[in-house]
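*Asks:* Got a structure for you, questions after.
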Amino acid sequence: MATFFGEVILPTSRVFFDDYDDSDEEECPSERNLEVKVLDENSLKHEFELLLIVEGTVCRGFADLYLVNANTSRLAEFYLPKEGERDNLVEITPHKEEPSVLFKLNDSTLLLRTSPAIDIFKSHQLTLKVAPWIERCKNIMTFNSRSVCDYQCEIREGLPSSFERTLVTSAVKQNLPGLSNLDQPNFITGFCASG
């Protein structure tokens, strides 16, 4: 705002940032890159029939209860390295930083259980780290769980409390019985969408 033509008055609020503010800012913390810990090198040489990817609280819980057992072996872990302590840091993220884990369910099936610590901004990094196993799988199936309130449709009153929808590529010739397609304008986010 100017009191007369040509006068420049700098903003007094910290809401507005410009080049002159750079000297007052602290250094931004360096971005933490996802790291991989391969637990079974032989898995990178084996061909697999199916890779199951589970994402979301309900799907991770289902996988832990019904798919992962004593005969399941861990092939790799994908994790964010520990961050050094910083002064005046207030932690807002409630997620425990558990790793995403790649399991071998049997000789033909892999399971990737994604971590809630891997948010949408780290999804592509996870895709790149999992790529060597993805390339060795003939089929990939993802299971996401989202809240019903995120579902977009014309008539919300008719929605059941829980339901399933499918989103498939043109390579799939026939849907499974009882499953209908994901209605537009709905979409999938997170790791499953990053590939």
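Residues are referred to by chain and number: the chain letter is A, B, ... according to the order shown in the structure tokens, the number counts from 1 in that chain, and ligands are numbered separately from 1 in the order shown.
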Write out as a ChimeraX atom specification which residues come within 9 Å of Tyr79 of chain A when counting only C-alpha atoms, dropping same-chain ones fewer than 6 positions away.
*Replies:* /A:33-37,97-101,115,117-118
*Asks:* Store the residues picked out above in a file with N, CA and C atoms, as an mmCIF file, in the first residue's frame.
*Replies:*
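As written to disk, again_24.cif reads:
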```
data_model
loop_
_atom_site.group_PDB
_atom_site.id
_atom_site.type_symbol
_atom_site.label_atom_id
_atom_site.label_comp_id
_atom_site.auth_asym_id
_atom_site.auth_seq_id
_atom_site.Cartn_x
_atom_site.Cartn_y
_atom_site.Cartn_z
ATOM 1 N N ASN A 33 15.397 -39.208 2.910
ATOM 2 C CA ASN A 33 15.136 -40.122 1.802
ATOM 3 C C ASN A 33 14.890 -41.519 2.327
ATOM 4 N N LEU A 34 13.989 -42.198 1.670
ATOM 5 C CA LEU A 34 13.635 -43.562 2.047
ATOM 6 C C LEU A 34 14.829 -44.486 1.822
ATOM 7 N N GLU A 35 15.056 -45.395 2.757
ATOM 8 C CA GLU A 35 16.145 -46.363 2.642
ATOM 9 C C GLU A 35 15.568 -47.767 2.606
ATOM 10 N N VAL A 36 16.314 -48.685 1.995
ATOM 11 C CA VAL A 36 15.865 -50.070 1.897
ATOM 12 C C VAL A 36 16.881 -50.973 2.587
ATOM 13 N N LYS A 37 16.370 -51.964 3.283
ATOM 14 C CA LYS A 37 17.208 -52.977 3.921
ATOM 15 C C LYS A 37 16.765 -54.321 3.341
ATOM 16 N N GLU A 97 6.711 -44.404 13.158
ATOM 17 C CA GLU A 97 7.448 -44.592 11.921
ATOM 18 C C GLU A 97 7.916 -46.030 11.778
ATOM 19 N N GLU A 98 6.968 -46.920 11.573
ATOM 20 C CA GLU A 98 7.292 -48.315 11.309
ATOM 21 C C GLU A 98 7.659 -48.455 9.837
ATOM 22 N N PRO A 99 8.465 -49.419 9.492
ATOM 23 C CA PRO A 99 8.852 -49.560 8.089
ATOM 24 C C PRO A 99 7.733 -50.195 7.249
ATOM 25 N N SER A 100 7.779 -49.934 5.959
ATOM 26 C CA SER A 100 6.976 -50.714 5.023
ATOM 27 C C SER A 100 7.744 -52.016 4.844
ATOM 28 N N VAL A 101 7.027 -53.132 4.783
ATOM 29 C CA VAL A 101 7.688 -54.436 4.752
ATOM 30 C C VAL A 101 7.213 -55.241 3.554
ATOM 31 N N SER A 115 3.637 -48.581 5.174
ATOM 32 C CA SER A 115 3.638 -47.927 6.481
ATOM 33 C C SER A 115 2.844 -46.624 6.416
ATOM 34 N N ALA A 117 3.723 -44.065 7.860
ATOM 35 C CA ALA A 117 4.745 -43.008 7.868
ATOM 36 C C ALA A 117 5.129 -42.602 6.448
ATOM 37 N N ILE A 118 4.834 -43.460 5.471
ATOM 38 C CA ILE A 118 5.133 -43.128 4.067
ATOM 39 C C ILE A 118 3.928 -42.374 3.524
#
```
*Asks:* For segment 46-60 of chain A, find every residue with an atom within 6 Å (counting only C-alpha atoms), except residues of its own chain fewer than 6 positions away, and show them as a VMD selection string.
*Replies:* chain A and resid 108 to 114 136 to 145
*Asks:* Hey, what's within 10 Å of Asn181 of chain A if we count only C-alpha atoms and toss same-chain stuff fewer than 5 positions away? As a count of residues only, please?
*Replies:* 6
*Asks:* For atom CA of Gln174 of chain A and atom CA of Ser147 of chain A, quote the distance in Å rounded to one decimal.
*Replies:*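 Atom CA of Gln174 of chain A sits 26.7 Å away from atom CA of Ser147 of chain A.
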